[in-house]
$ cat input-v4.cif   # mmCIF, C-alpha atoms
data_protein
#
loop_
_atom_site.group_PDB
_atom_site.id
_atom_site.type_symbol
_atom_site.label_atom_id
_atom_site.label_comp_id
_atom_site.auth_asym_id
_atom_site.auth_seq_id
_atom_site.Cartn_x
_atom_site.Cartn_y
_atom_site.Cartn_z
ATOM 1 C CA MET A 9 27.429 22.273 77.764
ATOM 2 C CA THR A 10 29.675 21.117 80.591
ATOM 3 C CA SER A 11 32.881 23.097 80.932
ATOM 4 C CA LYS A 12 36.152 21.336 81.450
ATOM 5 C CA ARG A 13 37.280 21.353 85.058
ATOM 6 C CA SER A 14 40.587 22.998 85.774
ATOM 7 C CA LYS A 15 43.543 20.959 86.952
ATOM 8 C CA THR A 16 43.319 22.783 90.264
ATOM 9 C CA GLU A 17 39.721 21.681 90.811
ATOM 10 C CA VAL A 18 40.568 18.057 89.944
ATOM 11 C CA SER A 19 43.518 18.175 92.311
ATOM 12 C CA ILE A 20 41.263 19.441 95.108
ATOM 13 C CA GLU A 21 38.775 16.593 94.512
ATOM 14 C CA LYS A 22 41.561 14.021 94.568
ATOM 15 C CA GLY A 23 42.716 15.516 97.838
ATOM 16 C CA LYS A 24 39.251 14.894 99.283
ATOM 17 C CA PHE A 25 39.532 11.252 98.185
ATOM 18 C CA GLU A 26 42.736 10.968 100.195
ATOM 19 C CA GLU A 27 40.963 12.354 103.247
ATOM 20 C CA ILE A 28 38.236 9.723 102.870
ATOM 21 C CA LYS A 29 40.836 6.965 102.464
ATOM 22 C CA VAL A 30 42.544 8.073 105.688
ATOM 23 C CA GLU A 31 39.214 8.053 107.536
ATOM 24 C CA LEU A 32 38.325 4.581 106.239
ATOM 25 C CA GLU A 33 41.747 3.184 107.120
ATOM 26 C CA LYS A 34 41.430 4.539 110.663
ATOM 27 C CA LEU A 35 37.955 3.036 110.968
ATOM 28 C CA LEU A 36 39.280 -0.319 109.760
ATOM 29 C CA ARG A 37 42.073 -0.230 112.337
ATOM 30 C CA ASP A 38 39.539 0.590 115.048
ATOM 31 C CA GLN A 39 37.344 -2.293 113.875
ATOM 32 C CA THR A 40 40.271 -4.735 113.916
ATOM 33 C CA GLU A 41 41.244 -3.667 117.409
ATOM 34 C CA ALA A 42 37.642 -3.904 118.656
ATOM 35 C CA GLU A 43 37.297 -7.408 117.190
ATOM 36 C CA LYS A 44 40.566 -8.451 118.826
ATOM 37 C CA GLN A 45 39.421 -7.166 122.217
ATOM 38 C CA LEU A 46 36.002 -8.826 121.816
ATOM 39 C CA ASN A 47 37.666 -12.115 120.943
ATOM 40 C CA LEU A 48 39.893 -11.904 124.021
ATOM 41 C CA GLU A 49 36.847 -11.097 126.164
ATOM 42 C CA PHE A 50 35.027 -14.211 124.959
ATOM 43 C CA ILE A 51 38.149 -16.335 125.437
ATOM 44 C CA GLN A 52 38.066 -15.364 129.107
ATOM 45 C CA LYS A 53 34.316 -16.075 129.339
ATOM 46 C CA LYS A 54 34.795 -19.534 127.828
ATOM 47 C CA LYS A 55 37.500 -20.572 130.284
ATOM 48 C CA PRO A 56 35.234 -21.831 133.099
ATOM 49 C CA ILE A 57 33.112 -23.757 130.581
ATOM 50 C CA LEU A 58 36.170 -25.347 129.011
ATOM 51 C CA HIS A 59 37.441 -26.190 132.492
ATOM 52 C CA LYS A 60 34.255 -28.159 133.140
ATOM 53 C CA ARG A 61 34.704 -29.907 129.792
ATOM 54 C CA GLU A 62 38.249 -30.852 130.772
ATOM 55 C CA GLN A 63 37.105 -32.410 134.045
ATOM 56 C CA ILE A 64 34.645 -34.622 132.167
ATOM 57 C CA ALA A 65 37.191 -35.465 129.450
ATOM 58 C CA LYS A 66 39.630 -36.786 132.066
ATOM 59 C CA SER A 67 37.175 -39.558 132.920
ATOM 60 C CA ILE A 68 36.882 -40.719 129.281
ATOM 61 C CA PRO A 69 39.642 -43.088 128.085
ATOM 62 C CA LYS A 70 41.623 -41.825 125.069
ATOM 63 C CA PHE A 71 39.429 -38.721 124.778
ATOM 64 C CA TRP A 72 42.100 -36.407 123.399
ATOM 65 C CA TYR A 73 43.634 -39.054 121.168
ATOM 66 C CA THR A 74 40.198 -39.590 119.621
ATOM 67 C CA VAL A 75 39.796 -35.837 119.119
ATOM 68 C CA PHE A 76 43.146 -35.615 117.321
ATOM 69 C CA ASP A 77 42.406 -38.719 115.278
ATOM 70 C CA ASN A 78 38.940 -37.571 114.176
ATOM 71 C CA SER A 79 40.189 -34.108 113.203
ATOM 72 C CA GLY A 80 41.818 -35.458 110.036
ATOM 73 C CA SER A 81 44.522 -32.802 110.404
ATOM 74 C CA PHE A 82 47.361 -35.135 111.290
ATOM 75 C CA SER A 83 48.940 -38.327 110.082
ATOM 76 C CA PHE A 84 49.728 -40.820 112.864
ATOM 77 C CA THR A 85 52.105 -43.737 113.004
ATOM 78 C CA ASP A 86 51.820 -46.494 115.606
ATOM 79 C CA TYR A 87 54.520 -44.634 117.543
ATOM 80 C CA ASP A 88 52.363 -41.487 117.707
ATOM 81 C CA THR A 89 49.292 -43.463 118.687
ATOM 82 C CA ALA A 90 51.077 -45.164 121.581
ATOM 83 C CA ILE A 91 51.980 -41.764 123.070
ATOM 84 C CA LEU A 92 48.835 -39.782 122.233
ATOM 85 C CA GLU A 93 46.664 -42.457 123.825
ATOM 86 C CA LYS A 94 48.369 -41.381 127.053
ATOM 87 C CA LEU A 95 47.422 -37.708 126.560
ATOM 88 C CA GLU A 96 45.329 -36.855 129.619
ATOM 89 C CA SER A 97 44.602 -33.171 129.165
ATOM 90 C CA ILE A 98 45.147 -30.083 127.047
ATOM 91 C CA ASP A 99 45.067 -26.503 128.236
ATOM 92 C CA VAL A 100 45.263 -23.480 125.947
ATOM 93 C CA ASP A 101 45.881 -19.972 127.234
ATOM 94 C CA GLU A 102 45.596 -17.095 124.757
ATOM 95 C CA THR A 103 46.294 -13.430 125.392
ATOM 96 C CA GLU A 104 46.693 -10.534 122.960
ATOM 97 C CA ASN A 105 50.156 -11.565 121.771
ATOM 98 C CA ASN A 106 50.860 -14.901 123.443
ATOM 99 C CA THR A 107 49.591 -18.446 123.042
ATOM 100 C CA THR A 108 50.532 -21.295 125.382
ATOM 101 C CA ILE A 109 49.486 -24.921 124.936
ATOM 102 C CA VAL A 110 50.078 -27.371 127.779
ATOM 103 C CA LEU A 111 49.884 -31.090 126.981
ATOM 104 C CA THR A 112 49.770 -33.377 130.026
ATOM 105 C CA PHE A 113 50.460 -37.090 129.630
ATOM 106 C CA ALA A 114 50.088 -40.103 131.873
ATOM 107 C CA THR A 115 53.287 -41.954 132.720
ATOM 108 C CA ASN A 116 54.479 -43.814 129.632
ATOM 109 C CA ASP A 117 57.476 -45.628 128.163
ATOM 110 C CA TYR A 118 58.304 -42.873 125.667
ATOM 111 C CA LEU A 119 58.370 -39.458 127.344
ATOM 112 C CA LYS A 120 60.578 -38.419 130.253
ATOM 113 C CA ASN A 121 58.268 -35.578 131.290
ATOM 114 C CA LYS A 122 54.529 -35.631 131.797
ATOM 115 C CA VAL A 123 54.107 -32.029 130.633
ATOM 116 C CA ILE A 124 55.010 -30.596 127.218
ATOM 117 C CA THR A 125 54.497 -26.895 126.552
ATOM 118 C CA ILE A 126 54.218 -25.213 123.160
ATOM 119 C CA SER A 127 54.347 -21.422 123.381
ATOM 120 C CA SER A 128 54.299 -18.564 120.906
ATOM 121 C CA ILE A 129 55.060 -14.916 121.640
ATOM 122 C CA GLY A 130 54.096 -12.377 118.995
ATOM 123 C CA ASP A 131 55.644 -13.163 115.624
ATOM 124 C CA GLU A 132 58.441 -15.262 117.090
ATOM 125 C CA PRO A 133 58.628 -18.966 116.115
ATOM 126 C CA PRO A 134 56.896 -21.228 118.657
ATOM 127 C CA LYS A 135 59.039 -22.903 121.303
ATOM 128 C CA ILE A 136 58.638 -26.338 122.884
ATOM 129 C CA THR A 137 59.695 -27.133 126.440
ATOM 130 C CA GLY A 138 59.600 -30.440 128.297
ATOM 131 C CA LEU A 139 59.850 -32.625 125.190
ATOM 132 C CA GLU A 140 62.420 -35.259 126.153
ATOM 133 C CA TYR A 141 62.364 -38.939 125.257
ATOM 134 C CA GLN A 142 63.318 -42.040 127.166
ATOM 135 C CA SER A 143 66.565 -43.620 126.011
ATOM 136 C CA GLY A 144 66.038 -45.430 122.711
ATOM 137 C CA LYS A 145 62.483 -44.081 122.349
ATOM 138 C CA GLU A 146 63.195 -41.063 120.134
ATOM 139 C CA PRO A 147 60.881 -40.666 117.128
ATOM 140 C CA VAL A 148 62.095 -41.835 113.741
ATOM 141 C CA GLU A 149 60.576 -40.458 110.555
ATOM 142 C CA GLU A 150 58.451 -43.057 108.830
ATOM 143 C CA GLU A 151 57.055 -43.114 105.321
ATOM 144 C CA GLY A 152 53.348 -42.341 105.338
ATOM 145 C CA GLY A 153 51.158 -42.243 108.398
ATOM 146 C CA ARG A 154 48.172 -44.421 109.086
ATOM 147 C CA LYS A 155 45.638 -41.728 108.210
ATOM 148 C CA LYS A 156 45.387 -40.604 104.601
ATOM 149 C CA ASN A 157 42.993 -37.646 104.826
ATOM 150 C CA VAL A 158 45.567 -35.159 106.080
ATOM 151 C CA LYS A 159 44.254 -31.603 105.686
ATOM 152 C CA LYS A 160 47.285 -29.645 106.860
ATOM 153 C CA GLY A 161 50.986 -30.102 106.284
ATOM 154 C CA ASN A 162 52.509 -33.418 105.385
ATOM 155 C CA GLN A 163 53.281 -34.931 108.761
ATOM 156 C CA SER A 164 54.326 -38.562 108.429
ATOM 157 C CA ASN A 165 55.029 -38.685 112.167
ATOM 158 C CA PHE A 166 53.384 -36.330 114.660
ATOM 159 C CA PHE A 167 56.178 -36.324 117.223
ATOM 160 C CA PHE A 168 58.907 -36.221 114.586
ATOM 161 C CA SER A 169 57.185 -33.086 113.257
ATOM 162 C CA LEU A 170 57.636 -31.392 116.637
ATOM 163 C CA ASN A 171 61.314 -31.110 115.707
ATOM 164 C CA GLU A 172 60.471 -29.095 112.585
ATOM 165 C CA GLU A 173 59.872 -25.363 113.154
ATOM 166 C CA ASP A 174 57.342 -24.892 110.336
ATOM 167 C CA GLN A 175 55.458 -28.012 111.389
ATOM 168 C CA VAL A 176 55.275 -26.818 115.009
ATOM 169 C CA SER A 177 53.617 -23.606 113.815
ATOM 170 C CA GLU A 178 50.970 -25.632 111.981
ATOM 171 C CA ILE A 179 50.429 -27.908 114.973
ATOM 172 C CA LEU A 180 49.996 -24.906 117.285
ATOM 173 C CA GLU A 181 47.541 -23.280 114.869
ATOM 174 C CA THR A 182 45.527 -26.493 114.457
ATOM 175 C CA ILE A 183 45.278 -27.114 118.197
ATOM 176 C CA THR A 184 44.205 -23.549 119.009
ATOM 177 C CA SER A 185 41.752 -23.130 116.112
ATOM 178 C CA GLN A 186 40.318 -26.647 115.781
ATOM 179 C CA ILE A 187 41.324 -29.259 118.364
ATOM 180 C CA TRP A 188 40.798 -27.121 121.466
ATOM 181 C CA PRO A 189 37.554 -25.247 120.650
ATOM 182 C CA ASP A 190 35.830 -28.127 118.789
ATOM 183 C CA ALA A 191 36.912 -31.034 120.992
ATOM 184 C CA ILE A 192 33.421 -32.333 121.810
ATOM 185 C CA GLU A 193 32.245 -32.254 118.200
ATOM 186 C CA LEU A 194 35.439 -33.981 117.041
ATOM 187 C CA TYR A 195 35.209 -36.620 119.779
ATOM 188 C CA GLU A 196 31.625 -37.392 118.787
ATOM 189 C CA GLY A 197 32.565 -37.540 115.113
ATOM 190 C CA ASP A 198 32.705 -41.320 114.915
ATOM 191 C CA ASP A 199 29.455 -41.732 116.845
ATOM 192 C CA ALA A 200 27.714 -39.232 114.583
ATOM 193 C CA SER A 201 28.892 -40.944 111.410
ATOM 194 C CA ASP A 202 28.001 -44.374 112.817
ATOM 195 C CA GLY A 203 24.505 -43.104 113.531
ATOM 196 C CA SER A 204 24.014 -41.785 110.037
ATOM 197 C CA GLU A 205 25.285 -45.041 108.541
ATOM 198 C CA GLY A 206 22.885 -46.959 110.746
ATOM 199 C CA GLU A 207 19.977 -44.854 109.529
ATOM 200 C CA GLU A 208 21.000 -45.446 105.915
ATOM 201 C CA ASN A 209 21.180 -49.191 106.488
ATOM 202 C CA GLU A 210 17.723 -49.193 108.049
ATOM 203 C CA GLU A 211 16.347 -47.287 105.060
ATOM 204 C CA ASP A 212 17.952 -49.764 102.646
ATOM 205 C CA GLU A 213 16.467 -52.711 104.546
ATOM 206 C CA ALA A 214 13.034 -51.085 104.524
ATOM 207 C CA GLU A 215 13.241 -50.582 100.759
ATOM 208 C CA GLU A 216 14.236 -54.234 100.272
ATOM 209 C CA ASP A 217 11.228 -55.413 102.345
ATOM 210 C CA GLU A 218 8.921 -53.410 100.098
#
$ encode --input "input-v4.cif" --output "structure tokens"
Amino acid sequence: MTSKRSKTEVSIEKGKFEEIKVELEKLLRDQTEAEKQLNLEFIQKKKPILHKREQIAKSIPKFWYTVFDNSGSFSFTDYDTAILEKLESIDVDETENNTTIVLTFATNDYLKNKVITISSIGDEPPKITGLEYQSGKEPVEEEGGRKKNVKKGNQSNFFFSLNEEDQVSEILETITSQIWPDAIELYEGDDASDGSEGEENEEDEAEEDE
């Protein structure tokens, strides 16, 4: 017959649980910090590779516009398209607490400056510098963008959204987590889908011949 444990004994056991919880929490913090440092290490290792990618991308017309367009994360109006087709390069610099995105454009009829910078420091809202428009070329919100498969936010106008703080946060997050790292895959998106459609058509024709 099992004797009832005293309140003192139960209290001691619960105290041991607390010790284990403290140990596990410390281990989790150590793991999070190690993962953060590993991620930063690989960001640095990827830089020269991404630099080579950027040099190749500069020779391809509308490369970055195509990447943005194929991502399905934004809704574009004709106004957006006219400017983003002039986007020549993107550079993303990430450190432990800071993220800086540099968008470089060719000379165009809309923007005063060739370089627009989106930066985020810690938990502060992102800031945009260099975003100035030519006289009479400011963005106007339009109802519904050209693309319908918008995955994030509800941007009816990409550049109009740069004036909205919450939208800028989403844009920064999308560029750093999707547009920048997956640029080649997104650029080739149309080619890949065209290839698969071509294969399906060939299969259909073969079945008809039989």
$ axis_aligned_box --input "input-v4.cif" --around "region 178-188 of chain A" --padding-each-side "4 Å" --output "JSON"
{"center_x": 45.6, "center_y": -26.2, "center_z": 116.7, "size_x": 18.7, "size_y": 14.1, "size_z": 17.5}
$ atom_distance --input "input-v4.cif" --atom1 "CA of Thr89 (chain A)" --atom2 "CA of Ser128 (chain A)"
25.5 Å
$ resolve_selection --input "input-v4.cif" --expression "the PyMOL selection byres ((chain A and resi 39-56) around 12)" --output "ChimeraX atom specification"
/A:32-38,57-63,99-107,184,188-189
$ atom_distance --input "input-v4.cif" --atom1 "CA of Phe84 (chain A)" --atom2 "CA of Lys145 (chain A)"
16.2 Å
$ resolve_selection --input "input-v4.cif" --expression "the PyMOL selection byres ((chain A and resi 172-177) around 9)" --output "PyMOL selection string"
chain A and resi 126+128+133-136+161-163+168-171+178-182
$ closest_residue --input "input-v4.cif" --among "A:Leu92, A:Asp86, A:Leu111, A:Thr16" --to "Thr74 (chain A)" --atoms "all atoms listed in the file"
A:Leu92
$ decode --input "input-v4.cif" --residues "region 97-128 of chain A" --atoms "N, CA, C and O atoms" --output "PDB file, in the first residue's frame"
ATOM      1  N   SER A  97      18.689  47.501 -59.819  1.00  0.00           N
ATOM      2  CA  SER A  97      19.345  46.601 -58.865  1.00  0.00           C
ATOM      3  C   SER A  97      18.727  46.730 -57.479  1.00  0.00           C
ATOM      4  O   SER A  97      18.107  47.744 -57.139  1.00  0.00           O
ATOM      5  N   ILE A  98      18.907  45.662 -56.709  1.00  0.00           N
ATOM      6  CA  ILE A  98      18.493  45.642 -55.306  1.00  0.00           C
ATOM      7  C   ILE A  98      19.673  45.136 -54.489  1.00  0.00           C
ATOM      8  O   ILE A  98      20.353  44.193 -54.889  1.00  0.00           O
ATOM      9  N   ASP A  99      19.890  45.776 -53.362  1.00  0.00           N
ATOM     10  CA  ASP A  99      20.917  45.283 -52.436  1.00  0.00           C
ATOM     11  C   ASP A  99      20.317  45.239 -51.042  1.00  0.00           C
ATOM     12  O   ASP A  99      19.643  46.187 -50.620  1.00  0.00           O
ATOM     13  N   VAL A 100      20.511  44.129 -50.359  1.00  0.00           N
ATOM     14  CA  VAL A 100      19.990  43.958 -49.001  1.00  0.00           C
ATOM     15  C   VAL A 100      21.156  43.687 -48.062  1.00  0.00           C
ATOM     16  O   VAL A 100      21.961  42.791 -48.302  1.00  0.00           O
ATOM     17  N   ASP A 101      21.227  44.467 -47.006  1.00  0.00           N
ATOM     18  CA  ASP A 101      22.272  44.280 -45.996  1.00  0.00           C
ATOM     19  C   ASP A 101      21.592  44.013 -44.659  1.00  0.00           C
ATOM     20  O   ASP A 101      20.812  44.833 -44.173  1.00  0.00           O
ATOM     21  N   GLU A 102      21.873  42.861 -44.072  1.00  0.00           N
ATOM     22  CA  GLU A 102      21.262  42.480 -42.797  1.00  0.00           C
ATOM     23  C   GLU A 102      22.343  42.254 -41.751  1.00  0.00           C
ATOM     24  O   GLU A 102      23.320  41.552 -41.984  1.00  0.00           O
ATOM     25  N   THR A 103      22.153  42.856 -40.597  1.00  0.00           N
ATOM     26  CA  THR A 103      23.008  42.593 -39.440  1.00  0.00           C
ATOM     27  C   THR A 103      22.100  42.097 -38.319  1.00  0.00           C
ATOM     28  O   THR A 103      20.928  41.801 -38.549  1.00  0.00           O
ATOM     29  N   GLU A 104      22.631  42.005 -37.111  1.00  0.00           N
ATOM     30  CA  GLU A 104      21.848  41.422 -36.014  1.00  0.00           C
ATOM     31  C   GLU A 104      20.558  42.180 -35.748  1.00  0.00           C
ATOM     32  O   GLU A 104      19.510  41.577 -35.511  1.00  0.00           O
ATOM     33  N   ASN A 105      20.607  43.506 -35.803  1.00  0.00           N
ATOM     34  CA  ASN A 105      19.419  44.299 -35.477  1.00  0.00           C
ATOM     35  C   ASN A 105      18.967  45.226 -36.596  1.00  0.00           C
ATOM     36  O   ASN A 105      17.932  45.891 -36.467  1.00  0.00           O
ATOM     37  N   ASN A 106      19.730  45.300 -37.669  1.00  0.00           N
ATOM     38  CA  ASN A 106      19.426  46.264 -38.727  1.00  0.00           C
ATOM     39  C   ASN A 106      19.208  45.576 -40.072  1.00  0.00           C
ATOM     40  O   ASN A 106      19.861  44.581 -40.392  1.00  0.00           O
ATOM     41  N   THR A 107      18.307  46.147 -40.854  1.00  0.00           N
ATOM     42  CA  THR A 107      18.096  45.701 -42.227  1.00  0.00           C
ATOM     43  C   THR A 107      18.035  46.931 -43.124  1.00  0.00           C
ATOM     44  O   THR A 107      17.296  47.882 -42.830  1.00  0.00           O
ATOM     45  N   THR A 108      18.810  46.919 -44.203  1.00  0.00           N
ATOM     46  CA  THR A 108      18.808  48.035 -45.148  1.00  0.00           C
ATOM     47  C   THR A 108      18.605  47.498 -46.557  1.00  0.00           C
ATOM     48  O   THR A 108      19.327  46.596 -46.998  1.00  0.00           O
ATOM     49  N   ILE A 109      17.620  48.043 -47.246  1.00  0.00           N
ATOM     50  CA  ILE A 109      17.344  47.673 -48.636  1.00  0.00           C
ATOM     51  C   ILE A 109      17.619  48.886 -49.507  1.00  0.00           C
ATOM     52  O   ILE A 109      17.101  49.981 -49.247  1.00  0.00           O
ATOM     53  N   VAL A 110      18.431  48.711 -50.536  1.00  0.00           N
ATOM     54  CA  VAL A 110      18.750  49.800 -51.453  1.00  0.00           C
ATOM     55  C   VAL A 110      18.199  49.449 -52.834  1.00  0.00           C
ATOM     56  O   VAL A 110      18.597  48.445 -53.432  1.00  0.00           O
ATOM     57  N   LEU A 111      17.282  50.269 -53.316  1.00  0.00           N
ATOM     58  CA  LEU A 111      16.697  50.091 -54.647  1.00  0.00           C
ATOM     59  C   LEU A 111      17.298  51.144 -55.571  1.00  0.00           C
ATOM     60  O   LEU A 111      17.202  52.347 -55.295  1.00  0.00           O
ATOM     61  N   THR A 112      17.909  50.701 -56.666  1.00  0.00           N
ATOM     62  CA  THR A 112      18.544  51.626 -57.604  1.00  0.00           C
ATOM     63  C   THR A 112      17.803  51.584 -58.935  1.00  0.00           C
ATOM     64  O   THR A 112      17.639  50.515 -59.532  1.00  0.00           O
ATOM     65  N   PHE A 113      17.384  52.752 -59.397  1.00  0.00           N
ATOM     66  CA  PHE A 113      16.593  52.865 -60.616  1.00  0.00           C
ATOM     67  C   PHE A 113      17.376  53.564 -61.723  1.00  0.00           C
ATOM     68  O   PHE A 113      18.251  54.392 -61.453  1.00  0.00           O
ATOM     69  N   ALA A 114      17.023  53.247 -62.951  1.00  0.00           N
ATOM     70  CA  ALA A 114      17.534  54.012 -64.087  1.00  0.00           C
ATOM     71  C   ALA A 114      16.784  55.345 -64.121  1.00  0.00           C
ATOM     72  O   ALA A 114      15.720  55.498 -63.505  1.00  0.00           O
ATOM     73  N   THR A 115      17.333  56.305 -64.820  1.00  0.00           N
ATOM     74  CA  THR A 115      16.662  57.600 -64.950  1.00  0.00           C
ATOM     75  C   THR A 115      15.266  57.396 -65.529  1.00  0.00           C
ATOM     76  O   THR A 115      15.082  56.651 -66.492  1.00  0.00           O
ATOM     77  N   ASN A 116      14.280  58.036 -64.902  1.00  0.00           N
ATOM     78  CA  ASN A 116      12.899  57.878 -65.370  1.00  0.00           C
ATOM     79  C   ASN A 116      12.115  59.161 -65.155  1.00  0.00           C
ATOM     80  O   ASN A 116      12.605  60.104 -64.536  1.00  0.00           O
ATOM     81  N   ASP A 117      10.884  59.182 -65.668  1.00  0.00           N
ATOM     82  CA  ASP A 117      10.061  60.391 -65.613  1.00  0.00           C
ATOM     83  C   ASP A 117       9.310  60.549 -64.291  1.00  0.00           C
ATOM     84  O   ASP A 117       8.578  61.527 -64.115  1.00  0.00           O
ATOM     85  N   TYR A 118       9.473  59.609 -63.371  1.00  0.00           N
ATOM     86  CA  TYR A 118       8.668  59.612 -62.155  1.00  0.00           C
ATOM     87  C   TYR A 118       9.450  59.988 -60.906  1.00  0.00           C
ATOM     88  O   TYR A 118       8.957  60.728 -60.052  1.00  0.00           O
ATOM     89  N   LEU A 119      10.645  59.426 -60.762  1.00  0.00           N
ATOM     90  CA  LEU A 119      11.417  59.605 -59.524  1.00  0.00           C
ATOM     91  C   LEU A 119      12.494  60.667 -59.686  1.00  0.00           C
ATOM     92  O   LEU A 119      13.183  60.719 -60.718  1.00  0.00           O
ATOM     93  N   LYS A 120      12.674  61.498 -58.653  1.00  0.00           N
ATOM     94  CA  LYS A 120      13.738  62.490 -58.683  1.00  0.00           C
ATOM     95  C   LYS A 120      15.098  61.846 -58.442  1.00  0.00           C
ATOM     96  O   LYS A 120      16.111  62.256 -59.022  1.00  0.00           O
ATOM     97  N   ASN A 121      15.126  60.851 -57.551  1.00  0.00           N
ATOM     98  CA  ASN A 121      16.388  60.218 -57.167  1.00  0.00           C
ATOM     99  C   ASN A 121      16.480  58.809 -57.730  1.00  0.00           C
ATOM    100  O   ASN A 121      15.482  58.098 -57.822  1.00  0.00           O
ATOM    101  N   LYS A 122      17.680  58.412 -58.066  1.00  0.00           N
ATOM    102  CA  LYS A 122      17.885  57.055 -58.580  1.00  0.00           C
ATOM    103  C   LYS A 122      17.890  56.013 -57.469  1.00  0.00           C
ATOM    104  O   LYS A 122      17.634  54.830 -57.733  1.00  0.00           O
ATOM    105  N   VAL A 123      18.197  56.437 -56.250  1.00  0.00           N
ATOM    106  CA  VAL A 123      18.345  55.484 -55.140  1.00  0.00           C
ATOM    107  C   VAL A 123      17.289  55.733 -54.063  1.00  0.00           C
ATOM    108  O   VAL A 123      17.123  56.866 -53.594  1.00  0.00           O
ATOM    109  N   ILE A 124      16.577  54.664 -53.696  1.00  0.00           N
ATOM    110  CA  ILE A 124      15.622  54.695 -52.592  1.00  0.00           C
ATOM    111  C   ILE A 124      16.087  53.677 -51.555  1.00  0.00           C
ATOM    112  O   ILE A 124      16.398  52.537 -51.898  1.00  0.00           O
ATOM    113  N   THR A 125      16.120  54.091 -50.298  1.00  0.00           N
ATOM    114  CA  THR A 125      16.583  53.212 -49.233  1.00  0.00           C
ATOM    115  C   THR A 125      15.453  52.963 -48.222  1.00  0.00           C
ATOM    116  O   THR A 125      14.791  53.903 -47.785  1.00  0.00           O
ATOM    117  N   ILE A 126      15.256  51.695 -47.902  1.00  0.00           N
ATOM    118  CA  ILE A 126      14.314  51.315 -46.853  1.00  0.00           C
ATOM    119  C   ILE A 126      15.131  50.682 -45.736  1.00  0.00           C
ATOM    120  O   ILE A 126      15.824  49.687 -45.962  1.00  0.00           O
ATOM    121  N   SER A 127      15.068  51.241 -44.545  1.00  0.00           N
ATOM    122  CA  SER A 127      15.906  50.731 -43.452  1.00  0.00           C
ATOM    123  C   SER A 127      15.079  50.496 -42.199  1.00  0.00           C
ATOM    124  O   SER A 127      14.100  51.201 -41.926  1.00  0.00           O
ATOM    125  N   SER A 128      15.498  49.497 -41.446  1.00  0.00           N
ATOM    126  CA  SER A 128      14.822  49.149 -40.193  1.00  0.00           C
ATOM    127  C   SER A 128      15.874  48.888 -39.126  1.00  0.00           C
ATOM    128  O   SER A 128      16.819  48.132 -39.352  1.00  0.00           O
TER     129      SER A 128
END
